file run-v4.txt (compact mmCIF, C-alpha atoms)
# COMPACT_ATOMS: atom_id res chain seq x y z
CA MET Z 1 47.02 -143.52 91.40
CA ILE Z 2 48.32 -140.11 90.26
CA LYS Z 3 51.84 -141.48 90.15
CA ASP Z 4 50.65 -144.34 87.94
CA LYS Z 5 48.95 -141.87 85.58
CA LYS Z 6 52.14 -139.82 85.34
CA GLN Z 7 54.19 -142.96 84.73
CA MET Z 8 51.83 -144.15 82.00
CA ARG Z 9 51.87 -140.73 80.35
CA GLU Z 10 55.68 -140.72 80.43
CA ARG Z 11 55.75 -144.24 78.98
CA ILE Z 12 53.60 -143.11 76.06
CA ILE Z 13 55.75 -140.02 75.52
CA SER Z 14 58.92 -142.11 75.58
CA ALA Z 15 57.47 -144.52 73.01
CA ALA Z 16 56.26 -141.62 70.89
CA MET Z 17 59.73 -140.08 70.94
CA GLU Z 18 61.23 -143.23 69.50
CA VAL Z 19 58.55 -143.68 66.86
CA PHE Z 20 58.43 -139.98 65.87
CA SER Z 21 62.21 -139.84 65.60
CA ARG Z 22 62.14 -142.71 63.12
CA TYR Z 23 59.06 -141.89 61.04
CA GLY Z 24 58.58 -138.17 61.61
CA PHE Z 25 55.61 -136.61 63.33
CA PHE Z 26 53.10 -137.06 60.54
CA LYS Z 27 53.99 -140.47 59.14
CA ALA Z 28 54.29 -142.16 62.53
CA PRO Z 29 51.20 -144.30 63.14
CA VAL Z 30 49.69 -144.17 66.62
CA HIS Z 31 49.34 -147.95 66.67
CA LEU Z 32 53.16 -148.21 66.59
CA ILE Z 33 53.44 -145.81 69.51
CA ALA Z 34 50.93 -147.93 71.44
CA LYS Z 35 52.77 -151.13 70.55
CA LYS Z 36 56.10 -149.64 71.64
CA ALA Z 37 54.51 -148.51 74.94
CA GLY Z 38 52.93 -151.95 75.41
CA ILE Z 39 49.40 -150.57 75.55
CA SER Z 40 46.31 -150.32 73.36
CA LYS Z 41 45.86 -147.52 70.84
CA GLY Z 42 42.77 -146.41 72.75
CA LEU Z 43 44.81 -145.90 75.88
CA VAL Z 44 47.08 -143.48 74.00
CA PHE Z 45 43.98 -141.39 73.31
CA TRP Z 46 42.91 -141.65 76.94
CA TYR Z 47 46.05 -139.74 77.91
CA PHE Z 48 46.24 -137.50 74.83
CA ARG Z 49 43.09 -136.14 73.17
CA ASN Z 50 44.60 -136.59 69.73
CA LYS Z 51 47.87 -137.19 67.92
CA GLN Z 52 48.49 -133.45 67.64
CA GLU Z 53 48.52 -133.08 71.44
CA LEU Z 54 51.11 -135.87 71.65
CA ILE Z 55 53.16 -134.25 68.87
CA MET Z 56 53.15 -130.94 70.77
CA GLU Z 57 54.36 -132.58 73.98
CA VAL Z 58 57.18 -134.44 72.25
CA ALA Z 59 58.16 -131.45 70.10
CA LYS Z 60 58.42 -129.12 73.11
CA ARG Z 61 60.55 -131.64 74.98
CA SER Z 62 62.91 -131.94 72.03
CA LEU Z 63 63.95 -128.28 72.31
CA PRO Z 64 66.84 -127.37 74.65
CA LEU Z 65 64.75 -124.97 76.75
CA GLU Z 66 64.97 -127.05 79.94
CA ILE Z 67 68.78 -127.12 79.65
CA ILE Z 68 69.00 -123.35 79.30
CA ASP Z 69 66.47 -122.73 82.08
CA SER Z 70 68.26 -125.09 84.44
CA CYS Z 71 71.61 -123.43 83.80
CA LEU Z 72 70.11 -119.93 84.15
CA LYS Z 73 68.46 -120.89 87.46
CA SER Z 74 71.74 -122.30 88.79
CA GLY Z 75 73.11 -118.81 89.36
CA LEU Z 76 76.03 -119.31 86.99
CA SER Z 77 77.26 -116.47 84.80
CA GLY Z 78 79.98 -115.81 82.24
CA GLU Z 79 81.75 -118.74 80.73
CA LYS Z 80 80.54 -121.09 83.51
CA LEU Z 81 77.00 -120.53 82.23
CA LEU Z 82 78.13 -121.30 78.69
CA GLU Z 83 79.86 -124.47 79.91
CA CYS Z 84 76.67 -125.57 81.66
CA ILE Z 85 74.55 -124.97 78.58
CA GLY Z 86 77.11 -126.50 76.22
CA ARG Z 87 77.56 -129.66 78.28
CA GLY Z 88 73.81 -130.11 78.70
CA TYR Z 89 73.20 -129.52 75.01
CA ILE Z 90 75.90 -131.97 73.90
CA LYS Z 91 74.72 -134.59 76.40
CA LYS Z 92 71.06 -134.33 75.35
CA TYR Z 93 71.72 -134.43 71.63
CA LYS Z 94 74.25 -137.27 71.77
CA ASP Z 95 71.09 -139.33 71.83
CA PRO Z 96 70.15 -139.91 68.16
CA ILE Z 97 66.45 -139.89 69.10
CA GLN Z 98 66.71 -136.42 70.64
CA ARG Z 99 68.80 -135.16 67.73
CA SER Z 100 66.28 -136.43 65.20
CA LEU Z 101 63.34 -135.02 67.16
CA LEU Z 102 64.99 -131.59 67.31
CA LEU Z 103 65.21 -131.50 63.52
CA HIS Z 104 61.63 -132.73 63.10
CA THR Z 105 60.46 -130.10 65.60
CA MET Z 106 62.22 -127.27 63.80
CA ALA Z 107 60.36 -128.30 60.65
CA LEU Z 108 57.02 -127.90 62.49
CA GLU Z 109 57.45 -124.19 63.15
CA SER Z 110 55.51 -123.08 60.07
CA LEU Z 111 52.66 -125.50 60.79
CA TYR Z 112 52.11 -125.00 64.51
CA GLU Z 113 51.93 -121.59 66.15
CA GLU Z 114 52.66 -123.17 69.53
CA ILE Z 115 55.98 -124.57 68.28
CA ALA Z 116 56.84 -121.24 66.63
CA LYS Z 117 56.30 -119.57 70.03
CA GLU Z 118 58.59 -122.06 71.76
CA ILE Z 119 61.31 -121.53 69.14
CA ASN Z 120 60.91 -117.75 69.55
CA ILE Z 121 61.35 -118.15 73.29
CA LEU Z 122 64.54 -120.06 72.57
CA CYS Z 123 65.95 -117.88 69.79
CA ILE Z 124 64.96 -114.49 71.17
CA GLY Z 125 64.09 -114.60 74.86
CA LYS Z 126 66.66 -117.12 76.05
CA ILE Z 127 69.38 -115.63 73.82
CA ASN Z 128 68.81 -112.25 75.52
CA GLU Z 129 68.84 -113.80 79.02
CA VAL Z 130 72.01 -115.76 78.35
CA ALA Z 131 73.75 -112.75 76.76
CA GLU Z 132 72.92 -110.65 79.81
CA LYS Z 133 74.22 -113.31 82.23
CA VAL Z 134 77.37 -113.94 80.19
CA PHE Z 135 78.32 -110.37 79.30
CA GLY Z 136 76.58 -108.38 82.04
CA LYS Z 137 74.25 -106.74 79.54
CA SER Z 138 72.20 -107.74 76.52
CA SER Z 139 73.99 -105.88 73.71
CA ILE Z 140 73.72 -106.60 69.99
CA ARG Z 141 77.27 -108.02 69.98
CA GLY Z 142 76.43 -110.20 72.99
CA LYS Z 143 73.27 -111.52 71.37
CA ILE Z 144 75.17 -112.30 68.16
CA ALA Z 145 77.90 -114.05 70.14
CA ILE Z 146 75.33 -116.21 71.93
CA ARG Z 147 73.59 -117.01 68.63
CA ALA Z 148 76.98 -118.05 67.25
CA PHE Z 149 77.46 -120.22 70.35
CA PHE Z 150 74.15 -122.02 69.73
CA GLY Z 151 74.91 -122.31 66.03
CA GLY Z 152 78.26 -123.89 66.85
CA LEU Z 153 76.58 -126.34 69.20
CA MET Z 154 73.97 -127.21 66.56
CA CYS Z 155 76.60 -127.96 63.91
CA TYR Z 156 78.60 -130.00 66.40
CA ILE Z 157 75.67 -132.24 67.31
CA LEU Z 158 74.50 -132.63 63.71
CA ARG Z 159 77.91 -133.52 62.30
CA ARG Z 160 80.32 -134.43 65.08
CA PRO Z 161 83.84 -133.87 63.83
CA LYS Z 162 85.93 -136.98 64.33
CA ASP Z 163 89.10 -134.96 64.95
CA ILE Z 164 87.76 -132.73 67.78
CA ASN Z 165 86.59 -134.16 71.08
CA GLU Z 166 83.71 -132.45 72.84
CA GLU Z 167 85.82 -130.93 75.65
CA VAL Z 168 88.23 -129.27 73.20
CA PHE Z 169 85.33 -128.16 71.01
CA LEU Z 170 83.35 -126.65 73.88
CA LYS Z 171 86.37 -124.87 75.39
CA SER Z 172 87.38 -123.46 72.00
CA LEU Z 173 83.83 -122.36 71.22
CA ILE Z 174 83.56 -120.59 74.57
CA ASP Z 175 86.95 -118.92 74.03
CA ILE Z 176 85.74 -117.61 70.68
CA VAL Z 177 82.43 -116.38 72.11
CA MET Z 178 84.26 -114.67 74.99
CA GLY Z 179 86.61 -112.97 72.51
CA ARG Z 180 89.76 -114.76 73.69
CA ASP Z 181 90.63 -116.54 70.47
CA ARG Z 182 91.03 -113.91 67.77
CA GLY Z 183 93.60 -115.93 65.79
CA MET Z 184 93.18 -119.27 64.09
CA LYS Z 185 95.62 -121.40 66.10
CA SER Z 186 95.71 -125.13 65.55

call {"tool": "encode", "arguments": {"input": "run-v4.txt", "output": "structure tokens"}}
result
Amino acid sequence: MIKDKKQMRERIISAAMEVFSRYGFFKAPVHLIAKKAGISKGLVFWYFRNKQELIMEVAKRSLPLEIIDSCLKSGLSGEKLLECIGRGYIKKYKDPIQRSLLLHTMALESLYEEIAKEINILCIGKINEVAEKVFGKSSIRGKIAIRAFFGGLMCYILRRPKDINEEVFLKSLIDIVMGRDRGMKS
């Protein structure tokens, strides 16, 4: 029974992700989420007290926190950690639904304290942890380098350059972050 409840909850979340990515969090009607999940609207509210609770669940999942946490827990450090994060990030946000949800979620920060906290965890806490694991300490330069790394990943997923494949991009970005590519070689 518990497994069925978890499966139903995941089915609703999956449907909500698709609908929210298309319509945004506020314009997406719950009846479309229910229809996409193949259930009644009332059943959505059986699993989620209200639309806001569903929004919070989907918004949190759209952030790359689980990628960073997984890579940090793997015991990797240095550029291997950056490779892990970069590959996970690129893989997740290749999906247009995830990419769209990330942008919608970032727009929620000023409206929902809970989302602002999650983004702070990402942009402050995780940046510090990654900088420490990559550079052996969490210095200002290290934090800036890791922020630049995430900024580079964000731009790559938002507007994939047609002339740079993801392997070349990721390797070059890591080289820059690690201070190995001071010149602008083509």

call {"tool": "closest_residue", "arguments": {"input": "run-v4.txt", "among": "Z:Ala59, Z:Ala28, Z:Met17, Z:Leu65", "to": "Tyr112 (chain Z)", "atoms": "only C-alpha atoms"}}
result
Z:Ala59

call {"tool": "residues_around", "arguments": {"input": "run-v4.txt", "residues": "Phe169 (chain Z)", "least_positions_apart": "3", "cutoff": "12 Å", "atoms": "all atoms listed in the file", "output": "list in words"}}
result
Glu83, Gly86, Arg87, Ile90, Phe149, Gly152, Leu153, Cys155, Tyr156, Ile157, Arg160, Pro161, Lys162, Asp163, Ile164, Asn165, Glu166, Ser172, Leu173, Ile174, Asp175 and Ile176 of chain Z

call {"tool": "write_last_selection", "arguments": {"input": "run-v4.txt", "atoms": "C-alpha atoms", "output": "PDB file, in the frame of the given file"}}
result
ATOM      1  CA  GLU Z  83      79.860-124.470  79.910  1.00  0.00           C
ATOM      2  CA  GLY Z  86      77.110-126.500  76.220  1.00  0.00           C
ATOM      3  CA  ARG Z  87      77.560-129.660  78.280  1.00  0.00           C
ATOM      4  CA  ILE Z  90      75.900-131.970  73.900  1.00  0.00           C
ATOM      5  CA  PHE Z 149      77.460-120.220  70.350  1.00  0.00           C
ATOM      6  CA  GLY Z 152      78.260-123.890  66.850  1.00  0.00           C
ATOM      7  CA  LEU Z 153      76.580-126.340  69.200  1.00  0.00           C
ATOM      8  CA  CYS Z 155      76.600-127.960  63.910  1.00  0.00           C
ATOM      9  CA  TYR Z 156      78.600-130.000  66.400  1.00  0.00           C
ATOM     10  CA  ILE Z 157      75.670-132.240  67.310  1.00  0.00           C
ATOM     11  CA  ARG Z 160      80.320-134.430  65.080  1.00  0.00           C
ATOM     12  CA  PRO Z 161      83.840-133.870  63.830  1.00  0.00           C
ATOM     13  CA  LYS Z 162      85.930-136.980  64.330  1.00  0.00           C
ATOM     14  CA  ASP Z 163      89.100-134.960  64.950  1.00  0.00           C
ATOM     15  CA  ILE Z 164      87.760-132.730  67.780  1.00  0.00           C
ATOM     16  CA  ASN Z 165      86.590-134.160  71.080  1.00  0.00           C
ATOM     17  CA  GLU Z 166      83.710-132.450  72.840  1.00  0.00           C
ATOM     18  CA  SER Z 172      87.380-123.460  72.000  1.00  0.00           C
ATOM     19  CA  LEU Z 173      83.830-122.360  71.220  1.00  0.00           C
ATOM     20  CA  ILE Z 174      83.560-120.590  74.570  1.00  0.00           C
ATOM     21  CA  ASP Z 175      86.950-118.920  74.030  1.00  0.00           C
ATOM     22  CA  ILE Z 176      85.740-117.610  70.680  1.00  0.00           C
TER      23      ILE Z 176
END

call {"tool": "atom_distance", "arguments": {"input": "run-v4.txt", "atom1": "CA of Cys123 (chain Z)", "atom2": "CA of Leu72 (chain Z)"}}
result
15.1 Å

call {"tool": "closest_residue", "arguments": {"input": "run-v4.txt", "among": "Z:Met178, Z:Leu170, Z:Leu103, Z:Ala131", "to": "Gly88 (chain Z)", "atoms": "only C-alpha atoms"}}
result
Z:Leu170

call {"tool": "closest_residue", "arguments": {"input": "run-v4.txt", "among": "Z:Ile55, Z:Ala145, Z:Ile39, Z:Ala34", "to": "Glu132 (chain Z)", "atoms": "all atoms listed in the file"}}
result
Z:Ala145

call {"tool": "atom_distance", "arguments": {"input": "run-v4.txt", "atom1": "CA of Lys5 (chain Z)", "atom2": "CA of Phe48 (chain Z)"}}
result
11.9 Å

call {"tool": "atom_distance", "arguments": {"input": "run-v4.txt", "atom1": "CA of Asp69 (chain Z)", "atom2": "CA of Cys84 (chain Z)"}}
result
10.6 Å

call {"tool": "closest_residue", "arguments": {"input": "run-v4.txt", "among": "Z:Phe150, Z:Leu158, Z:Ser138, Z:Lys41", "to": "Ile85 (chain Z)", "atoms": "only C-alpha atoms"}}
result
Z:Phe150

call {"tool": "residues_around", "arguments": {"input": "run-v4.txt", "residues": "Ser14 (chain Z)", "least_positions_apart": "2", "cutoff": "9 Å", "atoms": "all atoms listed in the file", "output": "VMD selection string"}}
result
chain Z and resid 9 to 12 16 to 19 33 36 to 37 58

call {"tool": "closest_residue", "arguments": {"input": "run-v4.txt", "among": "Z:Leu102, Z:Met154, Z:Ile146, Z:Ile67", "to": "Val134 (chain Z)", "atoms": "all atoms listed in the file"}}
result
Z:Ile146

call {"tool": "closest_residue", "arguments": {"input": "run-v4.txt", "among": "Z:Asn128, Z:Ser110, Z:Asn50, Z:Gln98", "to": "Arg141 (chain Z)", "atoms": "all atoms listed in the file"}}
result
Z:Asn128

call {"tool": "residues_around", "arguments": {"input": "run-v4.txt", "residues": "Leu76 (chain Z)", "least_positions_apart": "5", "cutoff": "8 Å", "atoms": "all atoms listed in the file", "output": "MDAnalysis selection string"}}
result
chainID Z and resid 71 81 133

call {"tool": "residues_around", "arguments": {"input": "run-v4.txt", "residues": "Leu63 (chain Z)", "least_positions_apart": "5", "cutoff": "10 Å", "atoms": "all atoms listed in the file", "output": "PDB file with C-alpha atoms, in the frame of the given file"}}
result
ATOM      1  CA  VAL Z  58      57.180-134.440  72.250  1.00  0.00           C
ATOM      2  CA  ILE Z  68      69.000-123.350  79.300  1.00  0.00           C
ATOM      3  CA  TYR Z  89      73.200-129.520  75.010  1.00  0.00           C
ATOM      4  CA  LYS Z  92      71.060-134.330  75.350  1.00  0.00           C
ATOM      5  CA  TYR Z  93      71.720-134.430  71.630  1.00  0.00           C
ATOM      6  CA  GLN Z  98      66.710-136.420  70.640  1.00  0.00           C
ATOM      7  CA  ARG Z  99      68.800-135.160  67.730  1.00  0.00           C
ATOM      8  CA  LEU Z 101      63.340-135.020  67.160  1.00  0.00           C
ATOM      9  CA  LEU Z 102      64.990-131.590  67.310  1.00  0.00           C
ATOM     10  CA  LEU Z 103      65.210-131.500  63.520  1.00  0.00           C
ATOM     11  CA  THR Z 105      60.460-130.100  65.600  1.00  0.00           C
ATOM     12  CA  MET Z 106      62.220-127.270  63.800  1.00  0.00           C
ATOM     13  CA  ILE Z 115      55.980-124.570  68.280  1.00  0.00           C
ATOM     14  CA  GLU Z 118      58.590-122.060  71.760  1.00  0.00           C
ATOM     15  CA  ILE Z 119      61.310-121.530  69.140  1.00  0.00           C
ATOM     16  CA  LEU Z 122      64.540-120.060  72.570  1.00  0.00           C
TER      17      LEU Z 122
END

call {"tool": "decode", "arguments": {"input": "run-v4.txt", "residues": "region 46-97 of chain Z", "atoms": "C-alpha atoms", "output": "short mmCIF file (atom, residue, chain, number, x, y, z; two decimals), in the first residue's frame"}}
result
data_model
loop_
_atom_site.label_atom_id
_atom_site.label_comp_id
_atom_site.auth_asym_id
_atom_site.auth_seq_id
_atom_site.Cartn_x
_atom_site.Cartn_y
_atom_site.Cartn_z
CA TRP Z 46 -5.65 13.99 -1.44
CA TYR Z 47 -1.89 13.79 -1.94
CA PHE Z 48 -1.16 17.53 -1.77
CA ARG Z 49 -3.09 19.81 0.59
CA ASN Z 50 -3.14 22.58 -1.99
CA LYS Z 51 -1.56 23.72 -5.23
CA GLN Z 52 1.15 25.61 -3.35
CA GLU Z 53 2.38 22.39 -1.72
CA LEU Z 54 2.64 20.78 -5.16
CA ILE Z 55 4.43 23.85 -6.52
CA MET Z 56 6.97 23.65 -3.68
CA GLU Z 57 7.68 19.98 -4.35
CA VAL Z 58 8.18 20.50 -8.08
CA ALA Z 59 10.19 23.70 -7.60
CA LYS Z 60 12.60 22.05 -5.16
CA ARG Z 61 13.11 19.12 -7.51
CA SER Z 62 13.91 21.46 -10.38
CA LEU Z 63 17.02 22.79 -8.61
CA PRO Z 64 20.34 20.94 -9.08
CA LEU Z 65 20.81 20.28 -5.35
CA GLU Z 66 20.52 16.49 -5.65
CA ILE Z 67 23.22 16.47 -8.35
CA ILE Z 68 25.63 18.46 -6.20
CA ASP Z 69 24.86 16.43 -3.07
CA SER Z 70 25.34 13.15 -4.91
CA CYS Z 71 28.68 14.26 -6.32
CA LEU Z 72 29.83 15.61 -2.93
CA LYS Z 73 28.88 12.34 -1.22
CA SER Z 74 30.77 10.31 -3.82
CA GLY Z 75 34.10 11.29 -2.27
CA LEU Z 76 35.34 12.99 -5.43
CA SER Z 77 37.44 16.14 -5.25
CA GLY Z 78 39.20 18.55 -7.59
CA GLU Z 79 38.30 18.45 -11.22
CA LYS Z 80 36.68 15.00 -10.89
CA LEU Z 81 34.07 16.61 -8.64
CA LEU Z 82 33.51 19.36 -11.21
CA GLU Z 83 33.15 16.73 -13.95
CA CYS Z 84 30.55 14.87 -11.88
CA ILE Z 85 28.56 18.03 -11.22
CA GLY Z 86 28.90 19.27 -14.80
CA ARG Z 87 27.80 16.00 -16.37
CA GLY Z 88 24.86 15.65 -13.99
CA TYR Z 89 23.81 19.25 -14.58
CA ILE Z 90 24.01 18.96 -18.37
CA LYS Z 91 22.16 15.63 -18.34
CA LYS Z 92 19.34 16.92 -16.12
CA TYR Z 93 18.80 20.14 -18.01
CA LYS Z 94 18.96 18.58 -21.48
CA ASP Z 95 15.35 17.80 -20.68
CA PRO Z 96 13.35 20.86 -21.78
CA ILE Z 97 10.86 20.28 -18.95
#
